[in-house]
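Asker: I am sharing data-v6.cif, which consists of mmCIF, N, CA and C atoms:
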```cif
data_data
loop_
_atom_site.label_atom_id
_atom_site.label_comp_id
_atom_site.auth_asym_id
_atom_site.auth_seq_id
_atom_site.Cartn_x
_atom_site.Cartn_y
_atom_site.Cartn_z
N MET A 1252 0.81 -1.20 0.00
CA MET A 1252 0.00 0.00 0.00
C MET A 1252 0.85 1.26 0.00
N VAL A 1253 2.09 1.14 0.42
CA VAL A 1253 2.97 2.30 0.51
C VAL A 1253 3.95 2.27 -0.66
N THR A 1254 4.13 3.40 -1.30
CA THR A 1254 5.03 3.46 -2.45
C THR A 1254 6.49 3.42 -2.01
N ASP A 1255 7.35 3.06 -2.96
CA ASP A 1255 8.79 3.02 -2.69
C ASP A 1255 9.34 4.43 -2.55
N TYR A 1256 10.28 4.58 -1.62
CA TYR A 1256 10.99 5.83 -1.42
C TYR A 1256 12.44 5.57 -1.83
N PRO A 1257 13.00 6.40 -2.69
CA PRO A 1257 14.37 6.11 -3.17
C PRO A 1257 15.42 6.32 -2.08
N GLN A 1258 16.21 5.31 -1.87
CA GLN A 1258 17.31 5.41 -0.92
C GLN A 1258 18.55 4.78 -1.54
N VAL A 1259 19.69 5.20 -1.06
CA VAL A 1259 20.97 4.70 -1.57
C VAL A 1259 21.80 4.22 -0.38
N ASP A 1260 22.32 2.99 -0.51
CA ASP A 1260 23.24 2.45 0.50
C ASP A 1260 24.63 2.97 0.15
N ILE A 1261 25.16 3.85 1.00
CA ILE A 1261 26.45 4.49 0.71
C ILE A 1261 27.62 3.79 1.39
N PHE A 1262 27.36 2.68 2.11
CA PHE A 1262 28.45 2.04 2.85
C PHE A 1262 29.38 1.17 2.02
N PRO A 1263 28.87 0.48 0.99
CA PRO A 1263 29.84 -0.24 0.15
C PRO A 1263 30.69 0.75 -0.66
N ARG A 1264 31.76 0.26 -1.22
CA ARG A 1264 32.62 1.15 -2.00
C ARG A 1264 31.86 1.80 -3.14
N GLU A 1265 30.98 1.03 -3.78
CA GLU A 1265 30.12 1.58 -4.82
C GLU A 1265 28.68 1.60 -4.28
N ALA A 1266 28.11 2.77 -4.19
CA ALA A 1266 26.75 2.91 -3.66
C ALA A 1266 25.76 2.10 -4.50
N THR A 1267 24.74 1.57 -3.83
CA THR A 1267 23.71 0.80 -4.53
C THR A 1267 22.34 1.39 -4.20
N TYR A 1268 21.45 1.30 -5.18
CA TYR A 1268 20.09 1.77 -5.02
C TYR A 1268 19.30 0.74 -4.21
N GLU A 1269 18.70 1.17 -3.10
CA GLU A 1269 17.91 0.28 -2.26
C GLU A 1269 16.63 0.99 -1.84
N PRO A 1270 15.60 0.92 -2.67
CA PRO A 1270 14.34 1.58 -2.31
C PRO A 1270 13.73 0.96 -1.07
N ASP A 1271 12.97 1.75 -0.35
CA ASP A 1271 12.36 1.32 0.90
C ASP A 1271 10.94 1.86 0.93
N LYS A 1272 10.06 1.19 1.64
CA LYS A 1272 8.69 1.68 1.80
C LYS A 1272 8.69 2.78 2.86
N TYR A 1273 8.13 3.93 2.50
CA TYR A 1273 8.08 5.06 3.44
C TYR A 1273 6.77 5.81 3.21
N PRO A 1274 5.87 5.80 4.21
CA PRO A 1274 4.58 6.47 4.03
C PRO A 1274 4.72 7.99 4.16
N MET A 1275 4.67 8.67 3.04
CA MET A 1275 4.80 10.12 3.02
C MET A 1275 3.49 10.77 3.49
N ALA A 1276 3.59 11.95 4.08
CA ALA A 1276 2.42 12.68 4.55
C ALA A 1276 1.42 12.86 3.42
N GLY A 1277 0.15 12.58 3.71
CA GLY A 1277 -0.90 12.75 2.73
C GLY A 1277 -1.07 11.58 1.78
N MET A 1278 -0.18 10.59 1.85
CA MET A 1278 -0.28 9.43 0.97
C MET A 1278 -0.79 8.22 1.76
N THR A 1279 -1.13 7.17 1.05
CA THR A 1279 -1.66 5.95 1.66
C THR A 1279 -0.65 5.34 2.63
N SER A 1280 -1.15 4.88 3.76
CA SER A 1280 -0.32 4.23 4.77
C SER A 1280 -0.79 2.78 4.92
N HIS A 1281 0.06 1.94 5.48
CA HIS A 1281 -0.31 0.55 5.73
C HIS A 1281 -1.49 0.47 6.70
N LYS A 1282 -2.27 -0.58 6.58
CA LYS A 1282 -3.31 -0.89 7.55
C LYS A 1282 -2.79 -2.07 8.35
N VAL A 1283 -2.40 -1.80 9.57
CA VAL A 1283 -1.71 -2.79 10.40
C VAL A 1283 -2.65 -3.40 11.43
N THR A 1284 -2.53 -4.71 11.61
CA THR A 1284 -3.22 -5.40 12.69
C THR A 1284 -2.16 -6.03 13.58
N VAL A 1285 -2.53 -6.28 14.83
CA VAL A 1285 -1.59 -6.85 15.79
C VAL A 1285 -2.13 -8.20 16.25
N GLY A 1286 -1.31 -9.23 16.09
CA GLY A 1286 -1.72 -10.57 16.48
C GLY A 1286 -0.82 -11.15 17.55
N VAL A 1287 -1.39 -12.05 18.33
CA VAL A 1287 -0.66 -12.78 19.37
C VAL A 1287 -0.65 -14.25 18.95
N TYR A 1288 0.56 -14.78 18.75
CA TYR A 1288 0.72 -16.16 18.33
C TYR A 1288 0.93 -17.06 19.54
N ASP A 1289 0.12 -18.10 19.65
CA ASP A 1289 0.21 -19.06 20.76
C ASP A 1289 1.00 -20.28 20.28
N LEU A 1290 2.16 -20.51 20.87
CA LEU A 1290 3.01 -21.62 20.47
C LEU A 1290 2.36 -22.98 20.73
N GLN A 1291 1.55 -23.09 21.78
CA GLN A 1291 0.94 -24.37 22.13
C GLN A 1291 -0.19 -24.76 21.19
N THR A 1292 -1.00 -23.79 20.77
CA THR A 1292 -2.14 -24.10 19.91
C THR A 1292 -1.85 -23.86 18.43
N ASP A 1293 -0.72 -23.21 18.15
CA ASP A 1293 -0.33 -22.88 16.77
C ASP A 1293 -1.36 -21.96 16.10
N LYS A 1294 -1.98 -21.07 16.91
CA LYS A 1294 -3.00 -20.16 16.38
C LYS A 1294 -2.64 -18.72 16.73
N THR A 1295 -3.12 -17.81 15.88
CA THR A 1295 -2.92 -16.38 16.10
C THR A 1295 -4.26 -15.74 16.42
N VAL A 1296 -4.28 -14.94 17.48
CA VAL A 1296 -5.46 -14.16 17.86
C VAL A 1296 -5.12 -12.70 17.62
N TYR A 1297 -5.99 -11.99 16.90
CA TYR A 1297 -5.74 -10.59 16.59
C TYR A 1297 -6.43 -9.68 17.60
N LEU A 1298 -5.73 -8.63 18.01
CA LEU A 1298 -6.31 -7.67 18.94
C LEU A 1298 -7.47 -6.97 18.25
N GLN A 1299 -8.57 -6.84 18.95
CA GLN A 1299 -9.78 -6.22 18.40
C GLN A 1299 -9.70 -4.70 18.58
N ALA A 1300 -8.80 -4.09 17.81
CA ALA A 1300 -8.53 -2.66 17.94
C ALA A 1300 -9.38 -1.81 17.00
N GLY A 1301 -10.24 -2.43 16.22
CA GLY A 1301 -11.08 -1.69 15.30
C GLY A 1301 -10.37 -1.42 13.98
N ASP A 1302 -10.96 -0.54 13.19
CA ASP A 1302 -10.44 -0.22 11.86
C ASP A 1302 -9.05 0.40 11.96
N PRO A 1303 -8.05 -0.20 11.31
CA PRO A 1303 -6.69 0.34 11.41
C PRO A 1303 -6.39 1.49 10.45
N THR A 1304 -7.38 1.89 9.66
CA THR A 1304 -7.16 2.95 8.68
C THR A 1304 -6.73 4.25 9.38
N ASP A 1305 -5.63 4.81 8.92
CA ASP A 1305 -5.12 6.09 9.44
C ASP A 1305 -4.87 6.08 10.94
N ARG A 1306 -4.37 4.94 11.46
CA ARG A 1306 -4.02 4.83 12.88
C ARG A 1306 -2.65 4.17 13.00
N TYR A 1307 -1.96 4.50 14.07
CA TYR A 1307 -0.66 3.90 14.37
C TYR A 1307 -0.80 3.13 15.68
N PHE A 1308 -0.26 1.93 15.72
CA PHE A 1308 -0.20 1.11 16.93
C PHE A 1308 1.26 1.05 17.35
N THR A 1309 1.59 1.58 18.52
CA THR A 1309 2.98 1.69 18.92
C THR A 1309 3.20 1.17 20.33
N ASN A 1310 4.46 1.01 20.67
CA ASN A 1310 4.90 0.66 22.02
C ASN A 1310 4.11 -0.52 22.60
N ILE A 1311 4.01 -1.59 21.82
CA ILE A 1311 3.27 -2.77 22.24
C ILE A 1311 4.08 -3.51 23.29
N SER A 1312 3.40 -3.88 24.39
CA SER A 1312 4.11 -4.48 25.51
C SER A 1312 3.23 -5.51 26.23
N TRP A 1313 3.88 -6.46 26.89
CA TRP A 1313 3.20 -7.49 27.67
C TRP A 1313 3.09 -7.08 29.13
N SER A 1314 2.07 -7.59 29.81
CA SER A 1314 2.00 -7.50 31.27
C SER A 1314 2.96 -8.53 31.83
N PRO A 1315 3.40 -8.38 33.08
CA PRO A 1315 4.34 -9.36 33.66
C PRO A 1315 3.82 -10.80 33.66
N ASP A 1316 2.49 -10.98 33.75
CA ASP A 1316 1.94 -12.34 33.77
C ASP A 1316 1.61 -12.88 32.37
N SER A 1317 1.91 -12.12 31.33
CA SER A 1317 1.70 -12.50 29.92
C SER A 1317 0.23 -12.70 29.55
N LYS A 1318 -0.69 -12.16 30.33
CA LYS A 1318 -2.11 -12.32 30.03
C LYS A 1318 -2.71 -11.09 29.35
N THR A 1319 -1.98 -9.99 29.39
CA THR A 1319 -2.49 -8.73 28.86
C THR A 1319 -1.46 -8.11 27.91
N VAL A 1320 -1.96 -7.52 26.84
CA VAL A 1320 -1.12 -6.78 25.90
C VAL A 1320 -1.50 -5.31 26.00
N TYR A 1321 -0.51 -4.45 26.12
CA TYR A 1321 -0.74 -3.00 26.17
C TYR A 1321 -0.26 -2.39 24.86
N MET A 1322 -1.01 -1.38 24.40
CA MET A 1322 -0.65 -0.77 23.13
C MET A 1322 -1.11 0.69 23.11
N PHE A 1323 -0.22 1.56 22.64
CA PHE A 1323 -0.62 2.94 22.39
C PHE A 1323 -1.26 2.99 21.01
N GLU A 1324 -2.41 3.65 20.91
CA GLU A 1324 -3.12 3.82 19.65
C GLU A 1324 -3.16 5.32 19.36
N LEU A 1325 -2.63 5.68 18.20
CA LEU A 1325 -2.46 7.08 17.84
C LEU A 1325 -3.11 7.32 16.49
N ASN A 1326 -3.95 8.36 16.41
CA ASN A 1326 -4.56 8.66 15.11
C ASN A 1326 -3.51 9.26 14.18
N ARG A 1327 -3.80 9.28 12.88
CA ARG A 1327 -2.81 9.75 11.91
C ARG A 1327 -2.48 11.23 12.08
N ALA A 1328 -3.45 12.03 12.56
CA ALA A 1328 -3.19 13.44 12.83
C ALA A 1328 -2.26 13.61 14.03
N GLN A 1329 -2.09 12.54 14.78
CA GLN A 1329 -1.21 12.48 15.96
C GLN A 1329 -1.60 13.50 17.03
N ASN A 1330 -2.92 13.70 17.18
CA ASN A 1330 -3.39 14.60 18.24
C ASN A 1330 -4.31 13.88 19.22
N ASP A 1331 -4.39 12.54 19.13
CA ASP A 1331 -5.19 11.74 20.04
C ASP A 1331 -4.47 10.42 20.27
N CYS A 1332 -3.97 10.23 21.49
CA CYS A 1332 -3.20 9.04 21.83
C CYS A 1332 -3.86 8.32 23.00
N ARG A 1333 -4.03 7.02 22.88
CA ARG A 1333 -4.69 6.23 23.92
C ARG A 1333 -3.82 5.02 24.28
N LEU A 1334 -3.71 4.73 25.56
CA LEU A 1334 -3.08 3.50 26.02
C LEU A 1334 -4.21 2.52 26.30
N VAL A 1335 -4.21 1.39 25.60
CA VAL A 1335 -5.30 0.43 25.70
C VAL A 1335 -4.75 -0.94 26.09
N SER A 1336 -5.52 -1.66 26.91
CA SER A 1336 -5.13 -3.02 27.28
C SER A 1336 -6.06 -4.02 26.59
N TYR A 1337 -5.47 -5.17 26.22
CA TYR A 1337 -6.19 -6.24 25.52
C TYR A 1337 -5.92 -7.57 26.19
N ASP A 1338 -6.90 -8.45 26.17
CA ASP A 1338 -6.74 -9.81 26.65
C ASP A 1338 -5.92 -10.57 25.61
N ALA A 1339 -4.77 -11.10 26.01
CA ALA A 1339 -3.87 -11.77 25.06
C ALA A 1339 -4.46 -13.07 24.52
N ALA A 1340 -5.34 -13.73 25.27
CA ALA A 1340 -5.90 -15.01 24.84
C ALA A 1340 -7.06 -14.83 23.85
N THR A 1341 -7.84 -13.75 24.01
CA THR A 1341 -9.03 -13.57 23.18
C THR A 1341 -8.91 -12.40 22.20
N GLY A 1342 -8.00 -11.47 22.47
CA GLY A 1342 -7.86 -10.27 21.65
C GLY A 1342 -8.85 -9.17 22.02
N GLU A 1343 -9.71 -9.44 22.98
CA GLU A 1343 -10.73 -8.46 23.37
C GLU A 1343 -10.11 -7.26 24.08
N LYS A 1344 -10.68 -6.09 23.79
CA LYS A 1344 -10.26 -4.86 24.46
C LYS A 1344 -10.73 -4.92 25.91
N LEU A 1345 -9.81 -4.66 26.83
CA LEU A 1345 -10.15 -4.69 28.25
C LEU A 1345 -10.49 -3.29 28.77
N ALA A 1346 -9.60 -2.33 28.49
CA ALA A 1346 -9.81 -0.99 29.02
C ALA A 1346 -8.94 0.03 28.31
N GLU A 1347 -9.41 1.26 28.31
CA GLU A 1347 -8.59 2.39 27.90
C GLU A 1347 -8.01 2.95 29.19
N LEU A 1348 -6.70 2.85 29.34
CA LEU A 1348 -6.05 3.19 30.60
C LEU A 1348 -5.62 4.65 30.69
N TYR A 1349 -5.39 5.25 29.54
CA TYR A 1349 -4.88 6.62 29.53
C TYR A 1349 -5.19 7.23 28.17
N ARG A 1350 -5.48 8.53 28.16
CA ARG A 1350 -5.72 9.22 26.89
C ARG A 1350 -5.15 10.63 26.98
N GLU A 1351 -4.47 11.03 25.91
CA GLU A 1351 -3.95 12.39 25.82
C GLU A 1351 -4.35 12.95 24.47
N THR A 1352 -4.89 14.17 24.48
CA THR A 1352 -5.27 14.84 23.24
C THR A 1352 -4.65 16.24 23.23
N SER A 1353 -4.57 16.81 22.04
CA SER A 1353 -4.01 18.15 21.88
C SER A 1353 -4.60 18.78 20.62
N ASP A 1354 -4.70 20.11 20.60
CA ASP A 1354 -5.14 20.80 19.39
C ASP A 1354 -4.11 20.65 18.28
N LYS A 1355 -2.84 20.48 18.65
CA LYS A 1355 -1.77 20.38 17.65
C LYS A 1355 -1.30 18.94 17.49
N TYR A 1356 -0.59 18.40 18.46
CA TYR A 1356 -0.16 17.01 18.41
C TYR A 1356 0.25 16.56 19.80
N VAL A 1357 0.23 15.25 20.00
CA VAL A 1357 0.73 14.66 21.25
C VAL A 1357 2.02 13.95 20.93
N HIS A 1358 2.87 13.89 21.89
CA HIS A 1358 4.12 13.16 21.76
C HIS A 1358 3.99 11.97 22.67
N HIS A 1359 3.70 10.78 22.10
CA HIS A 1359 3.38 9.64 22.95
C HIS A 1359 4.53 9.22 23.84
N ALA A 1360 5.75 9.59 23.54
CA ALA A 1360 6.86 9.30 24.46
C ALA A 1360 6.65 10.07 25.76
N GLU A 1361 6.08 11.28 25.67
CA GLU A 1361 5.75 12.05 26.86
C GLU A 1361 4.68 11.32 27.66
N SER A 1362 3.70 10.75 26.96
CA SER A 1362 2.63 10.01 27.63
C SER A 1362 3.21 8.84 28.43
N GLU A 1363 4.20 8.16 27.85
CA GLU A 1363 4.81 7.01 28.53
C GLU A 1363 5.48 7.42 29.83
N ARG A 1364 6.10 8.58 29.85
CA ARG A 1364 6.81 9.03 31.05
C ARG A 1364 5.84 9.33 32.20
N ARG A 1365 4.60 9.65 31.87
CA ARG A 1365 3.63 10.02 32.89
C ARG A 1365 2.99 8.80 33.55
N LEU A 1366 3.14 7.63 32.93
CA LEU A 1366 2.47 6.44 33.45
C LEU A 1366 3.14 5.85 34.65
#
```
Turn this file's structure into structure tokens for me.
Answerer:
Amino acid sequence: MVTDYPQVDIFPREATYEPDKYPMAGMTSHKVTVGVYDLQTDKTVYLQAGDPTDRYFTNISWSPDSKTVYMFELNRAQNDCRLVSYDAATGEKLAELYRETSDKYVHHAESERRL
């Protein structure tokens, strides 16, 4: 879904062209889903985070008991950030634990420091 962005690897003696996917502002971005793979059942359960269009899922982390997955959900305008917990076994949303909004933008790294 994302077009190639021209890049050049300058480390070898002769530079080589190595295009990479890079979602430019205003252009189509990937629609990402997050899954939890269970080694015992050989099945993947996807987090029920809703429509991934124009959203970023970042800083995904486990609870110490491995039963909960935490994830920051950020809209593409980057002015609404939510920390959400999910049941790792079912993918169901458990709770919205924290939310930060701004007229301009939020810096989710700042949100992490406040937790």
Asker: Which residues would end up in the selection if the PyMOL selection byres ((chain A and resi 1297-1302) around 5) were applied here, given that I need the answer as a PyMOL selection string?
Answerer: chain A and resi 1285-1287+1295-1296+1303-1304+1342-1343
Asker: In chain A, what's alpha helix (DSSP H) per DSSP? Answer as a PyMOL selection string?
Answerer: chain A and resi 1359-1365
Asker: Determine, counting all atoms listed in the file, which protein, DNA and RNA residues have an atom within 6.5 Å of an atom of Thr1352 (chain A); residues of the same chain fewer than 4 positions away are not included. Present the result as a ChimeraX atom specification.
Answerer: /A:1330-1332,1356-1357
Asker: Kindly indicate which residue among A:Asp1354, A:Asp1293, A:Asp1271, A:Glu1347 lies nearest to Asp1255 (chain A), using all atoms listed in the file for the distances.
Answerer: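 The answer is A:Asp1271, which sits nearest to Asp1255 (chain A).
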Asker: To one decimal in Å, tell me the separation between atom C of Ser1314 (chain A) and atom C of Val1283 (chain A).
Answerer: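 Calculated distance between atom C of Ser1314 (chain A) and atom C of Val1283 (chain A) is 21.8 Å.
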Asker: Determine the nearest neighbour of Lys1282 (chain A) from the options A:Glu1351, A:Asp1260, A:Asp1305, A:Glu1269, counting only N, CA and C atoms.
Answerer: A:Asp1305
Asker: Choose the residue, out of A:Ser1353, A:Val1259, A:Val1253, A:His1358, that has the smallest atom-to-atom separation from Thr1279 (chain A); count all atoms listed in the file.
Answerer: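 The closest residue to Thr1279 (chain A) is A:Val1253.
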Asker: Would you please give, as a ChimeraX atom specification, all residues of chain A that DSSP assigns to strand (DSSP E or B) based on the backbone?
Answerer: /A:1255-1256,1259-1260,1267-1268,1271-1272,1286-1289,1294-1297,1306-1313,1319-1326,1331-1338,1344-1352
Asker: Let me make sure I understand: among A:Tyr1337, A:Tyr1307, A:Phe1262, A:Tyr1349, which one has the smallest atom-to-atom distance to Ser1280 (chain A) if we use only C-alpha atoms?
Answerer: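 Result for the nearest residue to Ser1280 (chain A): A:Tyr1307.
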Asker: At what distance in Å, to one decimal, does CA of Ile1311 (chain A) lie from CA of Gln1329 (chain A)?
Answerer: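 For CA of Gln1329 (chain A) relative to CA of Ile1311 (chain A), the distance reads 17.1 Å.
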Asker: Taking (-4.8, -14.3, 27.5) in the coordinates of the supplied file, I want to know which residues reach to within 8 Å of it, counting all atoms listed in the file; could you give the answer as a list in words?
Answerer: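 The requested residues, written out, are Ser1317, Lys1318, Thr1319, Val1320, Tyr1337, Asp1338, Ala1339, Ala1340, Thr1341 and Gly1342 of chain A.
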Asker: Give me, please, the distance in Å between CA of Ala1328 (chain A) and atom N of Ala1346 (chain A), quoted to one decimal.
Answerer: 23.1 Å
Asker: For Met1252 (chain A), which residue out of A:Arg1333, A:Arg1327, A:His1281, A:Lys1344 is the nearest one, using only N, CA and C atoms?
Answerer: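 The closest residue to Met1252 (chain A) is A:His1281.
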Asker: Can you tell me which residues surround Leu1348 (chain A) at a distance of at most 6 Å, considering only N, CA and C atoms, apart from same-chain residues fewer than 4 positions away, and format the answer as a short mmCIF file (atom, residue, chain, number, x, y, z; two decimals) with N, CA and C atoms, in the coordinates of the input?
Answerer:
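Dumped to around.cif:
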```cif
data_model
loop_
_atom_site.label_atom_id
_atom_site.label_comp_id
_atom_site.auth_asym_id
_atom_site.auth_seq_id
_atom_site.Cartn_x
_atom_site.Cartn_y
_atom_site.Cartn_z
N LEU A 1334 -3.71 4.73 25.56
CA LEU A 1334 -3.08 3.50 26.02
C LEU A 1334 -4.21 2.52 26.30
N VAL A 1335 -4.21 1.39 25.60
CA VAL A 1335 -5.30 0.43 25.70
C VAL A 1335 -4.75 -0.94 26.09
N SER A 1336 -5.52 -1.66 26.91
CA SER A 1336 -5.13 -3.02 27.28
C SER A 1336 -6.06 -4.02 26.59
#
```
